[in-house]
Structures are given as structure tokens and as C-alpha cells.
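A.B. asks: Quick one: the structure is below, questions incoming.
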Amino acid sequence: MSSAVELRAPGPRGIPPLFARLVDDAALFPPGSAAVPDAVAAHLAARGGEFAGVLGPMLCQASRLAELITELAKAKPAEPVALSLVCDTGLGGVPKALSIIEGRQELLALRMVEMPAPSDVDDIWLERVSEFVPEDIVRVVEPRRGPNGWLEGIKRVAEHGCWPKLRCGGQTAESFPSVDVVSDFLAVASTLGVPFKVTAGVHEAVRHTDEETGFTHHGFLNLLVATARSLSGGNVREALGSTDGEALASEAGSLSDDAANAVRDVFASYGSSSLSGPVADLEGLGLL
């Protein structure tokens, strides 16, 4: 695992290892789609708050990097903001973006570069990723989910030292993977030797159905417990499908620190449009 990402919570209060640096700040992305000034203000406030140990890097699209730098220059943060750069302008735009970030190290500390993979995740494209992104920066690649070759693509991503990304939602019902699909993913991901990240659709701790859209969302606590079971040979599908928050919380809370660290060595983090929602869920379940 790259030393570029710290998965242990700092500070005197501390955070249980299972939740340390769990929540990446995806305020700039749907469904929140915050304005950059608002996202910067909220991130800096969360970073200085009581539950800062839960907070991971701030995610920003390459296309909005200049705007982010402008707002950070106004805010003058005491320390650089940890950044995960999401490449929405193509792999060819990565070198320029990295050069811009390197010139503003007083404002930004680059931790990750994330990008969607082409439909065919071939070795040549992955080698280009390795060439463009320095070794001390985590490379996160999202293979396109489909009936043929998706899990092989996940393995290929890991073989090139990149972290795979699992998309758990979106604007259509098809964007939400089934319990079986996520279970198959975890069976592979738990053997890769690199962590994975989760993006989109995970809005609450526990699995639930959105009343407005009718879409059933995976819960981040379900994913944590399912990852623990995947490592221990337990019933992964049952954990993913559960809507019993108290039972999931009891199981998660009973994990030893070593077991929790093992889970997080596999499931690195997920993106959320706010820190307050996940923290409220965890507090409500008695886990913080």
C-alpha cells in the first residue's frame, strides 16, 4: 500500500480504526454538486472539527482544478488540503494538472489520481497511467462494469499497482450493482493486495430504498461488514443485503483493531457529498 494515504486517525480524541479516513469529500460531485467556494469552506471546517479523523482527501475534477486553487488561495489554509484529482479531461490532461498542483504545494497535497478506464482495460493503457502518475501518488482506476471481463479488468488494474474503484450508484437503476455483483467483486478484491475505493450511490450507513427514486442503495456499514466477512469466510451476501442497522453496528463494533485494520487495508474509502451525514449515522448507531 502506498504511503501517500494515511488510514489512521490523528488527534487526542481519535476515531475507531474501522472509520479512520473512511469518507472522501465528494461535495463537488452529484448529488451534492456544491459550488467550489461552498465546498472549500465546508471541507476546511470539517478538517478542523471534532470528527476530522473520519475525513479523507477532497475530490476535485481536473476541469475545476483552477477554480479550486483560486478559492484555496482566498481561504489561505494553515496546511495544504489533501487532494484526490479526478481525471474528467482524459489521461492526456494528467501531466498538465500535476504540474499545476506541483506549483501550488502550499495549497494542495496530491494524494491520489482517479480515472475511468476505457472499455478494454489493456496493459498498454495501464502502463501509460503508471508513466503519467508518480509512484508516490495512489492511482485509482474504475473499470467499466459489465457482463464480460469486468472482474478480469479489476485484477489487471491491481496487477499494475492501481487501486480499483467500485461504482455503487448513479442516475439509473442499472448504475446500482446487485448484492450478487458486489459480492463477486469483494471475493476478488479481498485477494488483490491493493485496496479498493467506492464511488456514487452510498448515501447512508445502512442499505435502504430511496422513496423518491425507488433505487435501493448500498450502505457503507454493509460494505465494511461484508468486507470483514469476505476476509474471514463469512456470509458476504447476507451482510450486503441486511437492513438491520443495529445488527450491522454490533458486528462492526465487535471487530478487533487488527481485524478493522485488515478490513480497511481492503476497503480504503468511499465518497460522500458531506461528512455530517456519515458521522450522524455512525453516532446514531453508537459507533463513534
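We name chains A, B, ... following the order of the C-alpha cells; residues begin at 1 in each chain, and ligands are numbered from 1 as shown.
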Near Gly170 in chain A, counting only C-alpha atoms, which residues have an atom at most 12 Å away, once you skip same-chain residues fewer than 2 positions from it, shown as a VMD selection string?

C.D. replies: chain A and resid 29 to 31 166 to 168 172 to 177 199 to 203 213 215 to 218

A.B. asks: Quick one: residues within 10 Å of Gly219 in chain A, only C-alpha atoms, excluding same-chain residues fewer than 3 positions away - as a VMD selection string?

C.D. replies: chain A and resid 168 201 to 208 216 222 to 224 240 to 243 245

A.B. asks: Could you please take those selected residues and save N, CA, C and O atoms as a compact mmCIF listing (two decimals), in the first residue's frame?

C.D. replies:
```txt
# COMPACT_ATOMS: atom_id res chain seq x y z
N CYS A 168 -21.21 2.30 -7.15
CA CYS A 168 -22.37 1.71 -6.49
C CYS A 168 -23.67 2.44 -6.77
O CYS A 168 -24.68 2.17 -6.12
N GLY A 201 -23.63 6.62 -4.97
CA GLY A 201 -24.75 5.79 -4.53
C GLY A 201 -24.77 5.39 -3.08
O GLY A 201 -25.80 4.91 -2.59
N VAL A 202 -23.65 5.55 -2.36
CA VAL A 202 -23.60 5.14 -0.96
C VAL A 202 -23.87 6.37 -0.10
O VAL A 202 -22.96 7.11 0.24
N HIS A 203 -25.13 6.58 0.25
CA HIS A 203 -25.51 7.82 0.91
C HIS A 203 -25.73 7.66 2.41
O HIS A 203 -25.76 8.66 3.13
N GLU A 204 -25.91 6.45 2.87
CA GLU A 204 -26.17 6.22 4.30
C GLU A 204 -25.38 5.01 4.77
O GLU A 204 -24.82 4.25 3.97
N ALA A 205 -25.37 4.82 6.09
CA ALA A 205 -24.61 3.71 6.66
C ALA A 205 -25.23 2.36 6.31
O ALA A 205 -24.51 1.38 6.08
N VAL A 206 -26.56 2.32 6.25
CA VAL A 206 -27.27 1.05 6.12
C VAL A 206 -28.07 1.02 4.81
O VAL A 206 -28.62 2.03 4.37
N ARG A 207 -28.12 -0.14 4.22
CA ARG A 207 -28.85 -0.36 2.97
C ARG A 207 -30.29 0.15 3.10
O ARG A 207 -30.97 -0.10 4.10
N HIS A 208 -30.77 0.85 2.07
CA HIS A 208 -32.11 1.42 2.13
C HIS A 208 -32.61 1.70 0.72
O HIS A 208 -31.83 1.75 -0.24
N THR A 216 -32.52 1.17 -4.66
CA THR A 216 -32.00 0.63 -3.41
C THR A 216 -30.51 0.89 -3.34
O THR A 216 -29.75 0.46 -4.22
N ASN A 222 -22.73 -1.73 5.62
CA ASN A 222 -22.89 -3.04 4.98
C ASN A 222 -21.61 -3.45 4.27
O ASN A 222 -21.15 -4.60 4.38
N LEU A 223 -21.01 -2.50 3.54
CA LEU A 223 -19.79 -2.80 2.79
C LEU A 223 -18.63 -3.14 3.71
O LEU A 223 -17.83 -4.03 3.42
N LEU A 224 -18.52 -2.43 4.82
CA LEU A 224 -17.45 -2.71 5.78
C LEU A 224 -17.61 -4.10 6.40
O LEU A 224 -16.65 -4.88 6.47
N LEU A 240 -24.38 -7.72 2.88
CA LEU A 240 -24.69 -6.70 1.88
C LEU A 240 -26.19 -6.42 1.81
O LEU A 240 -26.61 -5.28 1.59
N GLY A 241 -27.00 -7.44 2.00
CA GLY A 241 -28.44 -7.29 1.87
C GLY A 241 -29.16 -6.87 3.13
O GLY A 241 -30.36 -6.56 3.09
N SER A 242 -28.46 -6.80 4.24
CA SER A 242 -29.11 -6.52 5.53
C SER A 242 -29.58 -5.07 5.63
O SER A 242 -28.89 -4.15 5.21
N THR A 243 -30.76 -4.86 6.22
CA THR A 243 -31.24 -3.53 6.56
C THR A 243 -31.34 -3.34 8.07
O THR A 243 -31.94 -2.38 8.54
N GLY A 245 -29.70 -2.16 10.97
CA GLY A 245 -28.59 -1.31 11.38
C GLY A 245 -27.97 -1.72 12.70
O GLY A 245 -26.75 -1.68 12.87
```

A.B. asks: Smallest atom-to-atom distance to Cys60 in chain A: which of A:Ala268, A:Ala109, A:Leu151, A:Cys87, using only C-alpha atoms?

C.D. replies: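 With only C-alpha atoms as the atom set, the closest residue is A:Cys87.
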
A.B. asks: Show me, as a Markdown table, the residues of range 11-83 of chain A having an atom within 9 Å of range 248-266 of chain A, each with the closest atom pair and its distance in Å, using only C-alpha atoms.

C.D. replies:
```
| residue | atom | partner | partner_atom | distance |
| --- | --- | --- | --- | --- |
| A:Pro16 | CA | A:Asp257 | CA | 8.0 |
| A:Pro17 | CA | A:Ala260 | CA | 6.0 |
| A:Leu18 | CA | A:Ala260 | CA | 4.9 |
| A:Phe19 | CA | A:Arg264 | CA | 8.3 |
| A:Ala20 | CA | A:Arg264 | CA | 8.7 |
| A:Leu22 | CA | A:Arg264 | CA | 8.4 |
```

A.B. asks: Export N, CA and C atoms of the chosen residues as a PDB file, in the first residue's frame?

C.D. replies:
```pdb
ATOM      1  N   PRO A  16     -12.288   5.281  15.844  1.00  0.00           N
ATOM      2  CA  PRO A  16     -12.059   3.837  15.715  1.00  0.00           C
ATOM      3  C   PRO A  16     -11.415   3.508  14.372  1.00  0.00           C
ATOM      4  N   PRO A  17     -10.470   2.578  14.349  1.00  0.00           N
ATOM      5  CA  PRO A  17      -9.734   2.278  13.104  1.00  0.00           C
ATOM      6  C   PRO A  17     -10.631   1.926  11.922  1.00  0.00           C
ATOM      7  N   LEU A  18     -11.806   1.352  12.189  1.00  0.00           N
ATOM      8  CA  LEU A  18     -12.684   0.951  11.097  1.00  0.00           C
ATOM      9  C   LEU A  18     -13.194   2.156  10.304  1.00  0.00           C
ATOM     10  N   PHE A  19     -13.207   3.339  10.935  1.00  0.00           N
ATOM     11  CA  PHE A  19     -13.785   4.520  10.299  1.00  0.00           C
ATOM     12  C   PHE A  19     -12.775   5.631  10.039  1.00  0.00           C
ATOM     13  N   ALA A  20     -11.515   5.404  10.354  1.00  0.00           N
ATOM     14  CA  ALA A  20     -10.495   6.430  10.159  1.00  0.00           C
ATOM     15  C   ALA A  20     -10.286   6.702   8.676  1.00  0.00           C
ATOM     16  N   LEU A  22     -12.294   7.274   6.393  1.00  0.00           N
ATOM     17  CA  LEU A  22     -13.207   6.474   5.572  1.00  0.00           C
ATOM     18  C   LEU A  22     -13.917   7.294   4.504  1.00  0.00           C
TER      19      LEU A  22
END
```

A.B. asks: Could you state the separation of CA of Leu221 in chain A and CA of Trp150 in chain A in Å, given to one decimal place?

C.D. replies: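 Atom-to-atom, CA of Leu221 in chain A to CA of Trp150 in chain A, that is 24.5 Å.
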
A.B. asks: With a distance cut-off of 7 Å and only C-alpha atoms, select the neighbouring residues of Leu59 in chain A, excluding the residue or stretch itself and same-chain residues fewer than 3 positions from it, and output the selection as a list in words.

C.D. replies: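 In the requested format, the answer is Asp24, Asp25, Ala26, Leu83, Ser84, Leu85 and Val86 of chain A.
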
A.B. asks: Would you mind telling me which residue in A:Leu231, A:Val36, A:Val157, A:Lys96 lies nearest to Pro118 in chain A when using only C-alpha atoms?

C.D. replies: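 Smallest distance to Pro118 in chain A is found for A:Val157.
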
A.B. asks: List every residue of range 116-221 of chain A that DSSP, applied to the backbone of this structure, places in helix (DSSP H, G or I), and write the result as an MDAnalysis selection string.

C.D. replies: chainID A and resid 123:132 150:159 173:175 179:189 220:221

A.B. asks: Between A:Val94, A:Ile154, A:Cys162, A:Ala280, which has the minimum distance to Asp184 in chain A (counting only C-alpha atoms)?

C.D. replies: A:Ile154

A.B. asks: Just the strand (DSSP E or B) stuff from range 43-279 of chain A, please, per backbone DSSP, written as JSON, numbers by chain.

C.D. replies: {"A": [55, 56, 57, 58, 59, 60, 61, 81, 82, 83, 84, 85, 86, 108, 109, 110, 111, 112, 113, 114, 115, 116, 138, 139, 140, 141, 142, 163, 164, 165, 166, 167, 196, 197, 198, 199, 208, 209, 216, 217, 267, 268, 269, 270, 271, 272]}

A.B. asks: Contacts of Glu142 in chain A at 8 Å or less, counting only C-alpha atoms, minus same-chain residues fewer than 3 places along, as a ChimeraX atom specification?

C.D. replies: /A:114-117,164-167

A.B. asks: Create the file for the chosen residues now, containing N, CA, C and O atoms and written as a CSV table (one decimal), in the first residue's frame.

C.D. replies:
```
chain,number,residue,atom,x,y,z
A,114,GLU,N,-7.5,9.7,-9.8
A,114,GLU,CA,-8.5,8.7,-10.2
A,114,GLU,C,-9.0,8.9,-11.6
A,114,GLU,O,-9.2,10.1,-12.0
A,115,MET,N,-9.3,7.8,-12.3
A,115,MET,CA,-9.8,7.9,-13.7
A,115,MET,C,-10.6,6.7,-14.1
A,115,MET,O,-10.4,5.6,-13.6
A,116,PRO,N,-11.6,7.0,-15.0
A,116,PRO,CA,-12.3,5.8,-15.6
A,116,PRO,C,-11.4,5.1,-16.6
A,116,PRO,O,-10.6,5.7,-17.3
A,117,ALA,N,-11.5,3.8,-16.7
A,117,ALA,CA,-10.8,3.0,-17.7
A,117,ALA,C,-11.5,3.0,-19.0
A,117,ALA,O,-12.7,3.2,-19.0
A,164,PRO,N,-8.5,-0.5,-7.7
A,164,PRO,CA,-9.8,-0.5,-8.4
A,164,PRO,C,-10.8,0.3,-7.7
A,164,PRO,O,-10.8,0.5,-6.5
A,165,LYS,N,-11.8,0.8,-8.5
A,165,LYS,CA,-12.9,1.6,-7.9
A,165,LYS,C,-14.2,0.9,-8.3
A,165,LYS,O,-14.4,0.4,-9.4
A,166,LEU,N,-15.1,0.8,-7.3
A,166,LEU,CA,-16.4,0.2,-7.5
A,166,LEU,C,-17.5,1.2,-7.5
A,166,LEU,O,-17.6,2.0,-6.5
A,167,ARG,N,-18.2,1.3,-8.6
A,167,ARG,CA,-19.3,2.3,-8.7
A,167,ARG,C,-20.6,1.7,-8.1
A,167,ARG,O,-21.0,0.6,-8.6
```

A.B. asks: With only C-alpha atoms as the basis for distance, which of A:Val198, A:Ala247, A:Leu55, A:Val236 is at the shortest distance from Gly14 in chain A?

C.D. replies: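 Between A:Val198, A:Ala247, A:Leu55, A:Val236, the residue approaching Gly14 in chain A most closely is A:Leu55.
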
A.B. asks: Excluding His160 in chain A and residues on its chain fewer than 4 positions from it, collect all residues at most 9 Å away from it, counting only C-alpha atoms, and give them as a short mmCIF file (atom, residue, chain, number, x, y, z; two decimals) with N, CA, C and O atoms, in the first residue's frame.

C.D. replies:
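Listing of selection-v4.cif after writing:
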```cif
data_model
loop_
_atom_site.label_atom_id
_atom_site.label_comp_id
_atom_site.auth_asym_id
_atom_site.auth_seq_id
_atom_site.Cartn_x
_atom_site.Cartn_y
_atom_site.Cartn_z
N ASP A 123 -3.16 -3.59 -21.03
CA ASP A 123 -1.89 -3.34 -20.35
C ASP A 123 -1.22 -2.07 -20.84
O ASP A 123 -0.59 -1.35 -20.05
N LEU A 126 -2.77 0.93 -19.07
CA LEU A 126 -2.37 0.94 -17.66
C LEU A 126 -0.90 1.32 -17.51
O LEU A 126 -0.52 1.99 -16.53
N GLU A 127 -0.07 0.94 -18.46
CA GLU A 127 1.34 1.36 -18.41
C GLU A 127 1.46 2.86 -18.60
O GLU A 127 2.31 3.52 -17.97
N SER A 130 0.78 4.52 -15.32
CA SER A 130 1.96 4.44 -14.45
C SER A 130 3.03 5.45 -14.87
O SER A 130 3.75 5.99 -14.02
N LYS A 155 -8.70 -7.29 -11.75
CA LYS A 155 -7.42 -7.96 -11.46
C LYS A 155 -6.28 -7.29 -12.22
O LYS A 155 -5.18 -7.09 -11.67
N ARG A 156 -6.52 -6.93 -13.48
CA ARG A 156 -5.47 -6.32 -14.29
C ARG A 156 -5.07 -4.96 -13.72
O ARG A 156 -3.88 -4.60 -13.70
#
```

A.B. asks: Using only C-alpha atoms for the distances, tell me which of A:Val225, A:Pro143, A:Ser272, A:Gly233 is nearest to Gly32 in chain A.

C.D. replies: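 Selected residue with least distance to Gly32 in chain A: A:Ser272.
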
A.B. asks: Could you give me, as a PDB file with C-alpha atoms, in the first residue's frame, the residues within 12 Å of range 75-78 of chain A, counting only C-alpha atoms and dropping anything in the same chain fewer than 6 positions from it?

C.D. replies:
```pdb
ATOM      1  CA  VAL A  36     -16.404  25.373  -5.193  1.00  0.00           C
ATOM      2  CA  PRO A  37     -16.431  28.202  -2.579  1.00  0.00           C
ATOM      3  CA  ASP A  38     -19.015  26.310  -0.506  1.00  0.00           C
ATOM      4  CA  ALA A  39     -17.132  23.020  -0.849  1.00  0.00           C
ATOM      5  CA  VAL A  40     -13.853  24.603   0.243  1.00  0.00           C
ATOM      6  CA  ALA A  41     -15.432  26.277   3.267  1.00  0.00           C
ATOM      7  CA  ALA A  42     -17.156  23.056   4.345  1.00  0.00           C
ATOM      8  CA  HIS A  43     -14.004  20.964   3.882  1.00  0.00           C
ATOM      9  CA  LEU A  44     -11.829  23.307   5.926  1.00  0.00           C
ATOM     10  CA  ALA A  45     -14.477  23.420   8.657  1.00  0.00           C
ATOM     11  CA  ARG A  47     -10.923  19.307   8.796  1.00  0.00           C
ATOM     12  CA  GLY A  48     -10.818  21.393  11.941  1.00  0.00           C
ATOM     13  CA  LEU A  68     -10.335  25.140  -6.549  1.00  0.00           C
ATOM     14  CA  ILE A  69      -6.882  26.733  -6.389  1.00  0.00           C
ATOM     15  CA  ARG A 104       0.773  25.225  -5.556  1.00  0.00           C
ATOM     16  CA  GLN A 105       2.056  22.878  -2.866  1.00  0.00           C
ATOM     17  CA  GLU A 106       1.282  25.436  -0.185  1.00  0.00           C
ATOM     18  CA  LEU A 107      -2.403  24.886  -1.013  1.00  0.00           C
ATOM     19  CA  LEU A 108      -2.666  21.279  -2.211  1.00  0.00           C
ATOM     20  CA  ALA A 109      -1.094  17.953  -1.273  1.00  0.00           C
TER      21      ALA A 109
END
```

A.B. asks: I'd like to know which of A:Val140, A:Ala46, A:Leu285, A:Val279 is closest to Met58 in chain A, using only C-alpha atoms.

C.D. replies: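 Between A:Val140, A:Ala46, A:Leu285, A:Val279, the residue approaching Met58 in chain A most closely is A:Ala46.
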